[in-house]
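So this one's protein.pdb, PDB, C-alpha atoms:
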ATOM      1  CA  MET A1103      -4.771  -0.501  -5.681
ATOM      2  CA  TYR A1104      -7.369   2.148  -4.905
ATOM      3  CA  THR A1105      -7.570   2.308  -1.105
ATOM      4  CA  PRO A1106      -9.403   5.068   0.782
ATOM      5  CA  LYS A1107      -7.632   5.966   4.024
ATOM      6  CA  HIS A1108     -10.223   4.295   6.275
ATOM      7  CA  PHE A1109      -9.690   0.930   4.508
ATOM      8  CA  GLU A1110      -5.892   0.866   4.944
ATOM      9  CA  PRO A1111      -4.556  -1.847   7.310
ATOM     10  CA  GLU A1112      -3.448  -0.419  10.616
ATOM     11  CA  ASP A1113       0.071  -1.851  10.611
ATOM     12  CA  ARG A1114       2.613  -3.782   8.590
ATOM     13  CA  THR A1115       2.338  -6.798  10.894
ATOM     14  CA  ALA A1116      -1.320  -7.227   9.935
ATOM     15  CA  ILE A1117      -0.415  -7.209   6.227
ATOM     16  CA  LEU A1118       2.294  -9.851   6.646
ATOM     17  CA  ALA A1119       0.037 -12.065   8.752
ATOM     18  CA  PHE A1120      -2.635 -11.826   6.059
ATOM     19  CA  MET A1121      -0.160 -12.869   3.329
ATOM     20  CA  GLN A1122       0.916 -15.902   5.335
ATOM     21  CA  ARG A1123      -2.653 -16.866   6.131
ATOM     22  CA  TYR A1124      -3.865 -16.583   2.513
ATOM     23  CA  SER A1125      -0.635 -17.664   0.845
ATOM     24  CA  PHE A1126      -2.200 -19.176  -2.292
ATOM     25  CA  ALA A1127      -1.909 -16.069  -4.440
ATOM     26  CA  THR A1128      -1.993 -14.887  -8.063
ATOM     27  CA  LEU A1129       1.172 -13.933  -9.964
ATOM     28  CA  VAL A1130       0.493 -11.379 -12.722
ATOM     29  CA  THR A1131       3.113 -10.454 -15.326
ATOM     30  CA  ALA A1132       3.157  -9.008 -18.817
ATOM     31  CA  ALA A1133       5.744  -9.028 -21.564
ATOM     32  CA  PRO A1134       6.129  -5.639 -23.293
ATOM     33  CA  GLY A1135       3.252  -5.114 -25.702
ATOM     34  CA  ALA A1136       1.513  -8.351 -24.657
ATOM     35  CA  ALA A1137      -1.584  -9.108 -22.608
ATOM     36  CA  PRO A1138      -1.089  -9.832 -18.890
ATOM     37  CA  THR A1139      -0.652 -13.450 -17.789
ATOM     38  CA  ALA A1140      -1.742 -14.823 -14.413
ATOM     39  CA  THR A1141      -0.830 -18.027 -12.550
ATOM     40  CA  HIS A1142      -2.192 -19.178  -9.192
ATOM     41  CA  LEU A1143       0.580 -20.412  -6.889
ATOM     42  CA  PRO A1144       1.408 -21.074  -3.229
ATOM     43  CA  PHE A1145       3.876 -18.439  -2.007
ATOM     44  CA  MET A1146       6.225 -18.390   0.960
ATOM     45  CA  LEU A1147       7.034 -15.093   2.660
ATOM     46  CA  GLU A1148      10.438 -14.487   4.245
ATOM     47  CA  GLU A1149      12.220 -11.540   5.808
ATOM     48  CA  ARG A1150      15.931 -11.299   5.003
ATOM     49  CA  ARG A1151      18.050  -8.524   6.496
ATOM     50  CA  GLY A1152      15.032  -6.242   6.725
ATOM     51  CA  ALA A1153      13.759  -6.968   3.196
ATOM     52  CA  LEU A1154      10.657  -8.998   2.364
ATOM     53  CA  TRP A1155      10.911 -11.826  -0.158
ATOM     54  CA  LEU A1156       8.386 -14.128  -1.820
ATOM     55  CA  ALA A1157       9.310 -17.588  -3.109
ATOM     56  CA  ALA A1158       7.338 -19.965  -5.325
ATOM     57  CA  HIS A1159       7.641 -22.304  -8.295
ATOM     58  CA  MET A1160       5.649 -23.111 -11.428
ATOM     59  CA  ALA A1161       5.660 -25.759 -14.139
ATOM     60  CA  ARG A1162       8.425 -25.220 -16.691
ATOM     61  CA  ALA A1163       5.794 -25.800 -19.387
ATOM     62  CA  ASN A1164       4.092 -22.610 -18.199
ATOM     63  CA  PRO A1165       5.550 -19.841 -20.422
ATOM     64  CA  GLN A1166       4.949 -17.123 -17.833
ATOM     65  CA  TRP A1167       8.425 -17.537 -16.344
ATOM     66  CA  GLN A1168       9.806 -16.187 -19.619
ATOM     67  CA  HIS A1169       8.416 -12.780 -18.578
ATOM     68  CA  PHE A1170      10.843 -12.626 -15.655
ATOM     69  CA  GLY A1171      13.242  -9.749 -16.126
ATOM     70  CA  GLN A1172      10.909  -7.946 -18.557
ATOM     71  CA  GLY A1173       9.119  -5.759 -16.059
ATOM     72  CA  GLU A1174       7.537  -5.554 -12.636
ATOM     73  CA  ALA A1175       5.390  -8.438 -11.432
ATOM     74  CA  LEU A1176       2.331  -8.243  -9.198
ATOM     75  CA  VAL A1177       1.333 -10.908  -6.650
ATOM     76  CA  ILE A1178      -2.246 -10.640  -5.376
ATOM     77  CA  PHE A1179      -3.206 -12.179  -2.032
ATOM     78  CA  GLN A1180      -6.976 -12.471  -1.673
ATOM     79  CA  GLY A1181      -8.932 -13.278   1.474
ATOM     80  CA  PRO A1182     -12.639 -13.894   2.061
ATOM     81  CA  HIS A1183     -15.240 -11.571   0.574
ATOM     82  CA  ALA A1184     -18.935 -10.995   1.092
ATOM     83  CA  TYR A1185     -21.922  -9.111  -0.286
ATOM     84  CA  ILE A1186     -23.127  -6.465   2.175
ATOM     85  CA  SER A1187     -26.860  -5.802   2.108
ATOM     86  CA  PRO A1188     -28.138  -2.227   2.584
ATOM     87  CA  ARG A1189     -30.791  -3.771   4.856
ATOM     88  CA  TRP A1190     -28.047  -3.988   7.494
ATOM     89  CA  TYR A1191     -27.658  -0.204   7.540
ATOM     90  CA  ASP A1192     -29.880   2.239   9.433
ATOM     91  CA  ALA A1193     -30.310   4.793   6.659
ATOM     92  CA  ALA A1194     -32.832   3.964   3.933
ATOM     93  CA  MET A1195     -30.666   5.875   1.446
ATOM     94  CA  SER A1196     -28.061   3.077   1.294
ATOM     95  CA  VAL A1197     -26.903   0.774  -1.483
ATOM     96  CA  PRO A1198     -25.290  -2.699  -1.613
ATOM     97  CA  THR A1199     -21.522  -3.049  -1.416
ATOM     98  CA  TRP A1200     -18.898  -5.754  -0.972
ATOM     99  CA  ASN A1201     -16.479  -6.355   1.896
ATOM    100  CA  TYR A1202     -13.102  -7.959   1.200
ATOM    101  CA  ALA A1203      -9.436  -7.990   2.095
ATOM    102  CA  ALA A1204      -6.463  -8.095  -0.271
ATOM    103  CA  VAL A1205      -2.731  -7.423  -0.467
ATOM    104  CA  HIS A1206      -0.707  -6.461  -3.550
ATOM    105  CA  ALA A1207       3.041  -7.167  -3.602
ATOM    106  CA  CYS A1208       5.248  -5.955  -6.467
ATOM    107  CA  GLY A1209       8.809  -6.734  -7.494
ATOM    108  CA  GLN A1210      11.095  -8.386 -10.029
ATOM    109  CA  PRO A1211      10.972 -12.230 -10.038
ATOM    110  CA  ILE A1212      14.373 -13.948 -10.231
ATOM    111  CA  ARG A1213      14.785 -17.547 -11.373
ATOM    112  CA  ILE A1214      16.553 -19.955  -9.038
ATOM    113  CA  GLU A1215      19.053 -21.869 -11.157
ATOM    114  CA  SER A1216      20.778 -24.152  -8.636
ATOM    115  CA  GLU A1217      19.230 -27.603  -8.270
ATOM    116  CA  ALA A1218      20.169 -27.629  -4.588
ATOM    117  CA  ALA A1219      18.386 -24.294  -4.094
ATOM    118  CA  VAL A1220      15.310 -25.624  -5.904
ATOM    119  CA  PHE A1221      15.248 -28.665  -3.589
ATOM    120  CA  ALA A1222      15.692 -26.377  -0.577
ATOM    121  CA  GLN A1223      12.694 -24.317  -1.646
ATOM    122  CA  LEU A1224      10.541 -27.410  -2.201
ATOM    123  CA  GLU A1225      11.487 -28.814   1.195
ATOM    124  CA  LYS A1226      10.726 -25.495   2.872
ATOM    125  CA  LEU A1227       7.249 -25.555   1.301
ATOM    126  CA  ILE A1228       6.745 -29.142   2.502
ATOM    127  CA  ARG A1229       7.766 -28.172   6.036
ATOM    128  CA  ALA A1230       5.284 -25.299   5.954
ATOM    129  CA  SER A1231       2.434 -27.341   4.451
ATOM    130  CA  GLU A1232       2.880 -30.935   5.639
ATOM    131  CA  PRO A1233       6.017 -31.648   7.688
ATOM    132  CA  GLU A1234       4.877 -35.266   8.143
ATOM    133  CA  TYR A1235       5.565 -35.829   4.421
ATOM    134  CA  LEU A1236       9.284 -34.976   4.737
ATOM    135  CA  ALA A1237      10.238 -38.542   5.725
ATOM    136  CA  GLN A1238       8.580 -39.895   2.573
ATOM    137  CA  TRP A1239      10.179 -37.161   0.456
ATOM    138  CA  ASP A1240      13.629 -38.061   1.806
ATOM    139  CA  GLN A1241      13.162 -41.688   0.732
ATOM    140  CA  LEU A1242      12.270 -40.871  -2.879
ATOM    141  CA  PRO A1243      14.983 -41.816  -5.416
ATOM    142  CA  GLU A1244      17.343 -38.945  -6.217
ATOM    143  CA  ASP A1245      16.889 -39.385  -9.967
ATOM    144  CA  TYR A1246      13.122 -39.065  -9.522
ATOM    145  CA  LYS A1247      13.504 -35.843  -7.524
ATOM    146  CA  THR A1248      16.026 -34.491 -10.030
ATOM    147  CA  SER A1249      13.588 -35.181 -12.870
ATOM    148  CA  LEU A1250      10.870 -33.438 -10.877
ATOM    149  CA  ALA A1251      13.048 -30.383 -10.287
ATOM    150  CA  LYS A1252      13.874 -30.121 -13.993
ATOM    151  CA  GLY A1253      10.162 -29.825 -14.721
ATOM    152  CA  LEU A1254       9.863 -26.778 -12.454
ATOM    153  CA  VAL A1255      10.961 -23.168 -12.519
ATOM    154  CA  ALA A1256      11.566 -21.943  -8.974
ATOM    155  CA  PHE A1257      11.852 -18.222  -8.357
ATOM    156  CA  GLU A1258      11.973 -15.570  -5.677
ATOM    157  CA  MET A1259      11.040 -11.914  -5.628
ATOM    158  CA  GLU A1260      12.060  -9.101  -3.336
ATOM    159  CA  ILE A1261       9.000  -7.012  -2.534
ATOM    160  CA  THR A1262       9.659  -3.442  -3.581
ATOM    161  CA  ARG A1263       6.081  -2.196  -3.154
ATOM    162  CA  LEU A1264       3.431  -3.504  -0.750
ATOM    163  CA  GLU A1265      -0.199  -2.388  -0.487
ATOM    164  CA  GLY A1266      -3.012  -3.721   1.669
ATOM    165  CA  LYS A1267      -6.747  -3.115   1.802
ATOM    166  CA  GLU A1268      -9.264  -4.155   4.451
ATOM    167  CA  LYS A1269     -12.766  -3.126   3.390
ATOM    168  CA  MET A1270     -14.654  -4.178   6.512
ATOM    169  CA  SER A1271     -17.357  -1.539   6.998
ATOM    170  CA  GLN A1272     -15.000   0.831   8.852
ATOM    171  CA  ASN A1273     -16.923   3.780   7.363
ATOM    172  CA  ARG A1274     -20.162   2.682   9.088
ATOM    173  CA  THR A1275     -21.353   3.260  12.658
ATOM    174  CA  ASP A1276     -20.584   0.742  15.393
ATOM    175  CA  LYS A1277     -24.245  -0.297  15.442
ATOM    176  CA  GLU A1278     -24.273  -0.879  11.698
ATOM    177  CA  ILE A1279     -21.060  -2.910  11.880
ATOM    178  CA  ARG A1280     -22.682  -5.150  14.484
ATOM    179  CA  GLN A1281     -25.689  -5.565  12.191
ATOM    180  CA  VAL A1282     -23.391  -6.433   9.270
ATOM    181  CA  LEU A1283     -21.668  -9.050  11.418
ATOM    182  CA  GLU A1284     -24.978 -10.570  12.470
ATOM    183  CA  GLY A1285     -26.125 -10.709   8.853
ATOM    184  CA  LEU A1286     -22.907 -12.323   7.651
ATOM    185  CA  GLU A1287     -22.844 -14.867  10.469
ATOM    186  CA  ALA A1288     -26.412 -15.904   9.662
ATOM    187  CA  SER A1289     -25.600 -16.390   5.970
ATOM    188  CA  ALA A1290     -25.615 -19.808   4.325
ATOM    189  CA  HIS A1291     -22.475 -18.842   2.367
ATOM    190  CA  GLU A1292     -19.232 -20.001   3.960
ATOM    191  CA  SER A1293     -17.277 -17.065   2.528
ATOM    192  CA  HIS A1294     -19.684 -14.660   4.257
ATOM    193  CA  ARG A1295     -19.105 -16.339   7.617
ATOM    194  CA  GLU A1296     -15.347 -16.283   6.989
ATOM    195  CA  MET A1297     -15.539 -12.539   6.363
ATOM    196  CA  ALA A1298     -17.461 -12.108   9.614
ATOM    197  CA  ALA A1299     -14.738 -14.010  11.488
ATOM    198  CA  LEU A1300     -12.038 -11.838   9.902
ATOM    199  CA  MET A1301     -13.964  -8.690  10.823
ATOM    200  CA  ARG A1302     -14.336  -9.857  14.432
ATOM    201  CA  GLU A1303     -10.575 -10.457  14.581
ATOM    202  CA  LYS A1304      -9.966  -6.954  13.291
ATOM    203  CA  TYR A1305     -12.298  -5.283  15.768
ATOM    204  CA  ALA A1306     -11.429  -7.446  18.805
ATOM    205  CA  GLY A1307      -9.882  -5.324  21.517
ATOM    206  CA  GLY A1308     -10.096  -2.179  19.395
ATOM    207  CA  SER A1309     -11.369   1.266  20.267
ATOM    208  CA  ARG A1310     -14.756   0.736  18.595
ATOM    209  CA  ASN A1311     -17.679  -0.727  20.508
ATOM    210  CA  ILE A1312     -18.357  -3.725  18.255
TER
END

Could you write out this structure as structure tokens?
Amino acid sequence: MYTPKHFEPEDRTAILAFMQRYSFATLVTAAPGAAPTATHLPFMLEERRGALWLAAHMARANPQWQHFGQGEALVIFQGPHAYISPRWYDAAMSVPTWNYAAVHACGQPIRIESEAAVFAQLEKLIRASEPEYLAQWDQLPEDYKTSLAKGLVAFEMEITRLEGKEKMSQNRTDKEIRQVLEGLEASAHESHREMAALMREKYAGGSRNI
């Protein structure tokens, strides 16, 4: 991912927090000589003995899992984005741009074969998303859950390469950043206001006078 130095996240903790916050990501793979394939999935991030791992599952009917083991996969985590008007800058010689945040994680997906491990992954996702549903899940017939698991392909991936980008007007003056924030917060577009909130989080307590 092309990332000028001033758009790089300041620390690894910020990247991991972003991945957990925007965990519905895009898995991109490609078989040799074939066009890339993408699937949108909820991912769970774990740290195991100092290594970062992603876990997810897809429908068995989705042929993308057959790419596993045929090359590196890319998982794209995307946050809010917003059009940035040149009217919010002081210099007349300015052009429109776009603010956004994203993380790219690369690695080799590995299928989870054990039914017990598949159930464990599903239950971990339930606990993360809706722990109140666990009681209902536990009461479902075992044959029903087994049939459900057979229709899925669960997998995990150790992250071997991790890149983040926060394009949040860092290359502008403090005054211009404040004007960008005011413009975004006044927008009728929810994604613009979300970007403003993310920018305020980034600049809160920092060295810049925002």

Exercise. Once the PyMOL selection byres ((chain A and resi 1251) around 12) has been applied to the shown file, what residues remain in the selection, as a PyMOL selection string?
Worked result: chain A and resi 1159-1162+1214-1225+1244-1250+1252-1256

For this session: Please tell me which residues are no farther than 12 Å from (14.2, -4.5, 4.8) in the file, counting all atoms listed in the file, and write them as JSON, numbers by chain.
Result: {"A": [1148, 1149, 1150, 1151, 1152, 1153, 1154, 1155, 1260, 1261, 1262, 1263]}

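The residue set within 7 Å of Tyr1124 of chain A, counting all atoms listed in the file and dropping same-chain residues fewer than 3 places from it, reads Phe1120, Met1121, Phe1179, Gln1180 and Gly1181 of chain A.
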
Exercise. Which residues, written as a ChimeraX atom specification, have at least one atom at most 12 Å from Ala1116 of chain A, with all atoms listed in the file counted and residues fewer than 2 positions away on the same chain left out?
Worked result: /A:1110-1114,1118-1123,1203-1205,1265-1268,1300,1303-1304

Problem set entry | Shell of 8 Å around Leu1283 of chain A, all atoms listed in the file, local chain residues under 6 positions omitted, as a list in words |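 My list of contacting residues is Ala1298, Met1301 and Arg1302 of chain A.
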
For this session: Could you tell me how far atom CA of Tyr1104 of chain A lies from atom CA of Ser1271 of chain A, in Å and to one decimal?
Result: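 We find that atom CA of Tyr1104 of chain A and atom CA of Ser1271 of chain A lie 16.0 Å from each other.
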